[in-house]
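Colleague: Structure supplied as query-v9.tsv; contents: TSV, C-alpha atoms.
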```tsv
chain	number	residue	atom	x	y	z
A	1	MET	CA	6.65	-38.54	2.26
A	2	LEU	CA	9.58	-36.25	1.49
A	3	TYR	CA	8.16	-33.22	3.26
A	4	GLU	CA	7.83	-35.17	6.55
A	5	ILE	CA	11.62	-35.52	6.81
A	6	ALA	CA	12.53	-32.25	5.07
A	7	LYS	CA	13.12	-30.06	8.10
A	8	PRO	CA	15.55	-32.25	10.10
A	9	PHE	CA	17.43	-33.19	6.93
A	10	VAL	CA	17.67	-29.63	5.58
A	11	MET	CA	18.61	-28.18	8.95
A	12	GLY	CA	21.29	-30.82	9.41
A	13	VAL	CA	22.84	-29.85	6.07
A	14	VAL	CA	22.58	-26.14	6.91
A	15	ARG	CA	24.38	-26.58	10.22
A	16	VAL	CA	27.19	-28.62	8.71
A	17	VAL	CA	27.75	-26.44	5.63
A	18	TRP	CA	26.95	-22.90	6.83
A	19	ASP	CA	26.94	-23.15	10.65
A	20	PRO	CA	24.65	-20.13	11.24
A	21	THR	CA	24.37	-18.53	14.69
A	22	ILE	CA	21.56	-16.92	16.66
A	23	GLU	CA	21.57	-14.18	19.30
A	24	GLY	CA	18.62	-13.26	21.50
A	25	ARG	CA	16.73	-16.56	21.24
A	26	GLU	CA	15.41	-15.92	24.76
A	27	HIS	CA	13.13	-13.21	23.38
A	28	ILE	CA	11.03	-15.85	21.59
A	29	PRO	CA	8.34	-17.27	23.93
A	30	GLU	CA	8.41	-21.02	24.49
A	31	THR	CA	4.62	-21.25	24.10
A	32	GLY	CA	1.75	-19.28	22.63
A	33	ALA	CA	1.16	-17.18	19.54
A	34	VAL	CA	4.03	-14.96	18.42
A	35	ILE	CA	5.03	-13.15	15.24
A	36	LEU	CA	8.64	-13.19	14.04
A	37	ALA	CA	9.04	-10.11	11.82
A	38	SER	CA	12.26	-10.28	9.82
A	39	ASN	CA	14.12	-8.39	7.15
A	40	HIS	CA	14.29	-10.34	3.89
A	41	HIS	CA	17.31	-10.83	1.63
A	42	SER	CA	16.84	-14.18	-0.09
A	43	TYR	CA	14.94	-17.46	-0.27
A	44	ALA	CA	17.49	-18.82	2.20
A	45	ASP	CA	15.99	-16.66	4.98
A	46	THR	CA	13.05	-19.05	5.14
A	47	VAL	CA	15.46	-21.91	5.84
A	48	PHE	CA	18.06	-20.27	8.10
A	49	LEU	CA	15.64	-18.45	10.41
A	50	PRO	CA	13.32	-21.34	11.45
A	51	GLY	CA	16.32	-23.61	11.71
A	52	GLN	CA	17.62	-21.54	14.63
A	53	VAL	CA	14.31	-21.54	16.52
A	54	ARG	CA	13.26	-24.45	18.75
A	55	ARG	CA	9.58	-24.15	17.87
A	56	THR	CA	8.06	-24.60	14.44
A	57	VAL	CA	7.84	-21.35	12.45
A	58	HIS	CA	5.05	-21.06	9.87
A	59	PHE	CA	5.79	-18.80	6.90
A	60	LEU	CA	3.55	-17.59	4.11
A	61	GLY	CA	5.19	-18.11	0.72
A	62	LYS	CA	4.50	-17.22	-2.91
A	63	SER	CA	2.29	-19.86	-4.49
A	64	ASP	CA	4.57	-20.09	-7.54
A	65	ILE	CA	7.21	-21.74	-5.33
A	66	PHE	CA	4.88	-24.73	-5.21
A	67	THR	CA	4.07	-24.93	-8.91
A	68	GLY	CA	5.92	-26.52	-11.78
A	69	ALA	CA	6.25	-30.10	-12.95
A	70	SER	CA	10.03	-30.45	-13.07
A	71	PRO	CA	11.79	-32.69	-10.53
A	72	TRP	CA	13.44	-29.61	-9.01
A	73	ASN	CA	10.05	-27.91	-8.54
A	74	ARG	CA	8.62	-30.99	-6.85
A	75	VAL	CA	11.58	-31.33	-4.50
A	76	ALA	CA	11.55	-27.60	-3.67
A	77	ALA	CA	7.80	-27.70	-2.97
A	78	SER	CA	8.20	-30.70	-0.66
A	79	ILE	CA	11.01	-29.01	1.23
A	80	MET	CA	8.97	-25.83	1.62
A	81	ARG	CA	6.02	-27.79	2.98
A	82	GLY	CA	8.36	-29.62	5.34
A	83	LEU	CA	9.53	-26.24	6.60
A	84	HIS	CA	5.89	-25.22	7.11
A	85	VAL	CA	5.81	-22.63	4.35
A	86	MET	CA	2.19	-22.13	3.30
A	87	PRO	CA	1.43	-21.19	-0.32
A	88	VAL	CA	-0.42	-17.91	-0.81
A	89	ASP	CA	-1.55	-16.52	-4.16
A	90	ARG	CA	-0.28	-12.93	-4.18
A	91	THR	CA	-2.05	-11.96	-7.39
A	92	GLY	CA	-5.58	-10.65	-7.73
A	93	GLY	CA	-7.78	-8.55	-5.49
A	94	SER	CA	-8.28	-11.20	-2.78
A	95	ALA	CA	-4.56	-11.93	-2.32
A	96	ALA	CA	-4.11	-9.69	0.75
A	97	SER	CA	-7.19	-11.08	2.52
A	98	THR	CA	-6.06	-14.64	1.78
A	99	ALA	CA	-2.65	-13.97	3.32
A	100	ILE	CA	-4.20	-12.31	6.38
A	101	ALA	CA	-6.59	-15.25	6.87
A	102	GLY	CA	-3.69	-17.71	6.73
A	103	ALA	CA	-1.69	-15.66	9.23
A	104	LEU	CA	-4.61	-15.36	11.64
A	105	ALA	CA	-5.18	-19.13	11.53
A	106	VAL	CA	-1.57	-19.78	12.58
A	107	LEU	CA	-1.74	-17.32	15.48
A	108	GLU	CA	-5.17	-18.41	16.67
A	109	ALA	CA	-3.73	-21.93	16.95
A	110	GLY	CA	-1.06	-20.57	19.31
A	111	GLU	CA	1.78	-21.08	16.84
A	112	ILE	CA	4.67	-18.95	15.55
A	113	LEU	CA	4.08	-16.93	12.39
A	114	GLY	CA	7.11	-15.83	10.38
A	115	ILE	CA	6.51	-12.74	8.30
A	116	TYR	CA	8.56	-10.41	6.11
A	117	PRO	CA	7.03	-6.93	6.50
A	118	GLU	CA	8.85	-5.70	3.38
A	119	GLY	CA	6.65	-8.08	1.38
A	120	THR	CA	9.43	-9.28	-0.90
A	121	ARG	CA	13.21	-9.67	-0.94
A	122	SER	CA	15.32	-6.53	-0.80
A	123	PRO	CA	16.83	-5.94	-4.27
A	124	ASP	CA	19.95	-4.22	-2.95
A	125	GLY	CA	20.43	-4.98	0.75
A	126	ARG	CA	18.61	-1.91	2.04
A	127	LEU	CA	15.66	-2.13	4.46
A	128	TYR	CA	12.45	-1.15	2.67
A	129	ARG	CA	9.14	0.27	3.87
A	130	GLY	CA	7.05	-2.28	5.75
A	131	LYS	CA	3.57	-3.31	4.68
A	132	THR	CA	0.92	-3.06	7.39
A	133	GLY	CA	-0.17	-6.71	7.43
A	134	VAL	CA	2.15	-7.41	10.37
A	135	ALA	CA	0.39	-4.73	12.42
A	136	ARG	CA	-3.07	-5.90	11.36
A	137	VAL	CA	-2.59	-9.50	12.51
A	138	ALA	CA	-0.82	-8.46	15.71
A	139	LEU	CA	-3.63	-6.09	16.70
A	140	ALA	CA	-6.30	-8.64	15.79
A	141	THR	CA	-4.79	-11.44	17.88
A	142	GLY	CA	-2.78	-9.68	20.58
A	143	ALA	CA	0.26	-11.74	19.59
A	144	PRO	CA	3.59	-10.06	20.40
A	145	ILE	CA	5.86	-9.11	17.52
A	146	VAL	CA	9.49	-10.20	17.83
A	147	PRO	CA	11.79	-8.25	15.46
A	148	VAL	CA	14.49	-10.30	13.74
A	149	ALA	CA	17.51	-9.31	11.66
A	150	MET	CA	19.18	-11.67	9.21
A	151	LEU	CA	22.83	-10.63	8.92
A	152	GLY	CA	25.33	-11.71	6.28
A	153	VAL	CA	22.71	-13.13	3.94
A	154	HIS	CA	22.86	-10.33	1.37
A	155	GLU	CA	26.64	-10.51	1.15
A	156	ALA	CA	26.68	-14.34	1.02
A	157	HIS	CA	24.09	-14.31	-1.76
A	158	GLN	CA	25.55	-11.68	-4.08
A	159	GLY	CA	25.68	-13.12	-7.59
A	160	ARG	CA	23.74	-16.23	-6.56
A	161	LYS	CA	20.03	-17.01	-6.69
A	162	TYR	CA	19.54	-19.91	-4.28
A	163	LEU	CA	22.50	-21.23	-2.27
A	164	PRO	CA	24.58	-18.65	-0.36
A	165	ARG	CA	28.33	-18.83	0.08
A	166	ARG	CA	29.72	-20.15	3.35
A	167	ARG	CA	31.18	-16.74	4.17
A	168	PRO	CA	30.38	-14.35	5.61
A	169	ARG	CA	28.79	-16.42	8.34
A	170	ILE	CA	25.02	-15.94	8.50
A	171	ARG	CA	23.68	-14.63	11.81
A	172	VAL	CA	20.17	-14.38	13.20
A	173	VAL	CA	19.70	-11.56	15.72
A	174	VAL	CA	16.45	-11.51	17.72
A	175	GLY	CA	15.23	-8.39	19.51
A	176	LYS	CA	12.86	-7.69	22.38
A	177	GLN	CA	9.13	-8.10	21.88
A	178	VAL	CA	6.95	-5.29	20.55
A	179	ASP	CA	3.41	-5.01	21.96
A	180	ALA	CA	1.37	-3.69	19.04
A	181	ARG	CA	-1.64	-2.88	21.21
A	182	SER	CA	0.46	-0.75	23.56
A	183	VAL	CA	1.80	1.19	20.58
A	184	ALA	CA	-1.76	1.67	19.33
A	185	LEU	CA	-2.99	2.87	22.73
A	186	SER	CA	-0.23	5.48	22.86
A	187	LEU	CA	-1.74	7.07	19.74
A	188	GLY	CA	-5.07	7.80	21.39
A	189	ALA	CA	-8.02	8.21	19.04
A	190	ALA	CA	-6.04	7.91	15.80
A	191	ASP	CA	-7.78	6.34	12.79
A	192	GLU	CA	-7.07	2.74	11.78
A	193	GLY	CA	-4.74	3.61	8.92
A	194	THR	CA	-2.60	5.81	11.15
A	195	VAL	CA	-2.42	3.11	13.82
A	196	LEU	CA	-1.46	0.37	11.36
A	197	ARG	CA	1.27	2.54	9.82
A	198	ALA	CA	2.63	3.61	13.22
A	199	VAL	CA	2.86	0.03	14.52
A	200	THR	CA	4.50	-1.14	11.29
A	201	ASP	CA	7.02	1.70	11.31
A	202	HIS	CA	7.82	0.94	14.95
A	203	VAL	CA	8.57	-2.68	14.04
A	204	MET	CA	10.73	-1.62	11.08
A	205	ASP	CA	12.64	0.74	13.37
A	206	ARG	CA	13.43	-2.19	15.66
A	207	ILE	CA	14.55	-4.36	12.75
A	208	GLN	CA	16.81	-1.56	11.48
A	209	GLU	CA	18.39	-1.18	14.92
A	210	LEU	CA	19.24	-4.89	14.90
A	211	SER	CA	20.40	-5.10	11.28
A	212	GLY	CA	22.14	-1.75	10.82
A	213	GLN	CA	20.77	-1.60	7.26
A	214	GLU	CA	20.36	1.59	5.30
A	215	ARG	CA	16.68	2.53	5.43
A	216	THR	CA	14.43	3.65	2.57
A	217	GLU	CA	10.76	4.63	2.63
A	218	GLU	CA	10.07	3.06	-0.75
A	219	TYR	CA	8.38	-0.31	-1.08
A	220	ALA	CA	10.69	-3.06	-2.34
A	221	ALA	CA	8.04	-4.23	-4.80
A	222	ASP	CA	7.94	-0.78	-6.44
A	223	VAL	CA	11.71	-0.73	-6.88
A	224	LYS	CA	11.70	-4.24	-8.35
A	225	ARG	CA	8.99	-3.24	-10.80
A	226	ARG	CA	11.01	-0.24	-11.96
A	227	LEU	CA	14.06	-2.43	-12.42
A	228	ARG	CA	12.08	-4.93	-14.52
A	229	GLU	CA	10.63	-2.16	-16.67
A	230	ALA	CA	14.06	-0.62	-17.22
A	231	SER	CA	15.45	-4.02	-18.18
A	232	ALA	CA	12.60	-4.59	-20.63
A	233	ARG	CA	13.21	-1.22	-22.28
A	234	ARG	CA	16.87	-2.02	-22.75
A	235	GLU	CA	15.99	-5.29	-24.47
A	236	VAL	CA	13.69	-3.60	-27.00
```
Please re-express this file's structure in structure tokens.
Modeller:
Amino acid sequence: MLYEIAKPFVMGVVRVVWDPTIEGREHIPETGAVILASNHHSYADTVFLPGQVRRTVHFLGKSDIFTGASPWNRVAASIMRGLHVMPVDRTGGSAASTAIAGALAVLEAGEILGIYPEGTRSPDGRLYRGKTGVARVALATGAPIVPVAMLGVHEAHQGRKYLPRRRPRIRVVVGKQVDARSVALSLGAADEGTVLRAVTDHVMDRIQELSGQERTEEYAADVKRRLREASARREV
């Protein structure tokens, strides 16, 4: 089936057309559970990042990527499955628990989980407040968190929805591992919410150091919602 050959084919095209680079690959363990926590600029992140990693990276993706009856939708869904993107319904009250369950299953199998702590793509290139799911799964499994910065993606994607320009060259920068349990222990008898937020903020600090992005304490989803509401008011 198409998704069985998707990854080698897609990655071959990516290398020829965009020739991305990676720095710090040695920080990713060769075996065992690990979490790659990356900033998020575009759909292309989910192609360029795993393509630079020797091991298979499992991402959680919006379920609507996999829906639709058009030929393009079917091809896109097959490619996403070939790249080990798992559909997660992010609507409804059980959405968060469904995503956490999927993430835990990947890590308990000793695999690599790719996660975007911001929860959605940055609308303007800034680094947004991280959601605490990354801390929750790291503390539950003991898996190390490896911070990752995608560089050049925002600039290459400006004015485009799917395929980035060939310049600037897209770079993947990988940082040193973060031990979530060590961060938690340093907080002493803090409550769970405080621990989850502290671990998440620590990871976002590491990502910001690698990416050099301007930081904001807003959630990207809140900003996107405001932008949609403003656009709707203008159309009335």
Colleague: Given only C-alpha atoms as the basis, pick out the residue of A:Gly152, A:Arg55, A:Glu209, A:Tyr219 nearest to Gly119 of chain A.
Modeller: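 The closest residue to Gly119 of chain A is A:Tyr219.
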Colleague: Counting all atoms listed in the file, which residue out of A:Thr216, A:Thr98, A:Gln208, A:Ser38 sits closest to Val146 of chain A?
Modeller: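 Answer, going by the shortest atom-to-atom distance: A:Ser38.
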Colleague: If we count only C-alpha atoms and set the cut-off at 12 Å, which residues sit around Asp19 of chain A, ignoring sequence neighbours fewer than 6 positions away in its own chain? Please answer as a ChimeraX atom specification.
Modeller: /A:11-13,48,51-52,165-172
Colleague: Of the candidates A:Val53, A:Asp124, A:Gly114, A:Ala33, which shows the shortest atom-to-atom distance to Leu227 of chain A, using all atoms listed in the file?
Modeller: A:Asp124
Colleague: My list of candidates is A:Ile112, A:Val199, A:Ile22, A:Ala99. Which is closest to Thr56 of chain A when distances are computed with only C-alpha atoms?
Modeller: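 Using only C-alpha atoms, Thr56 of chain A sits closest to A:Ile112.
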Colleague: Taking into account all atoms listed in the file, which residue in the set A:Asp191, A:Glu214, A:Glu111, A:Asp179 is nearest to Tyr128 of chain A?
Modeller: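 Distance minimum relative to Tyr128 of chain A lands on A:Glu214.
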Colleague: Given the point (0.1, -5.8, 22.9) in the file's coordinates, find the residues that have an atom at most 10 Å from it, counting only C-alpha atoms, and give them as a PyMOL selection string.
Modeller: chain A and resi 138-145+177-185
Colleague: Restricting the output to C-alpha atoms, write the selected residues as a CSV table (one decimal), keeping the file's coordinate frame.
Modeller:
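Wrote it out as result.csv, contents follow:
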```csv
chain,number,residue,atom,x,y,z
A,138,ALA,CA,-0.8,-8.5,15.7
A,139,LEU,CA,-3.6,-6.1,16.7
A,140,ALA,CA,-6.3,-8.6,15.8
A,141,THR,CA,-4.8,-11.4,17.9
A,142,GLY,CA,-2.8,-9.7,20.6
A,143,ALA,CA,0.3,-11.7,19.6
A,144,PRO,CA,3.6,-10.1,20.4
A,145,ILE,CA,5.9,-9.1,17.5
A,177,GLN,CA,9.1,-8.1,21.9
A,178,VAL,CA,7.0,-5.3,20.6
A,179,ASP,CA,3.4,-5.0,22.0
A,180,ALA,CA,1.4,-3.7,19.0
A,181,ARG,CA,-1.6,-2.9,21.2
A,182,SER,CA,0.5,-0.8,23.6
A,183,VAL,CA,1.8,1.2,20.6
A,184,ALA,CA,-1.8,1.7,19.3
A,185,LEU,CA,-3.0,2.9,22.7
```
Colleague: Measuring atom to atom with only C-alpha atoms, identify which of A:Val174, A:His157, A:Ser122, A:Val34 is nearest to Lys224 of chain A.
Modeller: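 With only C-alpha atoms as the atom set, the closest residue is A:Ser122.
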Colleague: What does the distance between atom CA of His154 of chain A and atom CA of Thr46 of chain A come to in Å, to one decimal place?
Modeller: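 Going from atom CA of His154 of chain A over to atom CA of Thr46 of chain A covers 13.7 Å.
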Colleague: Rounded to one decimal in Å, what is the spacing between atom CA of Ser42 of chain A and atom CA of Ala135 of chain A?
Modeller: 22.7 Å
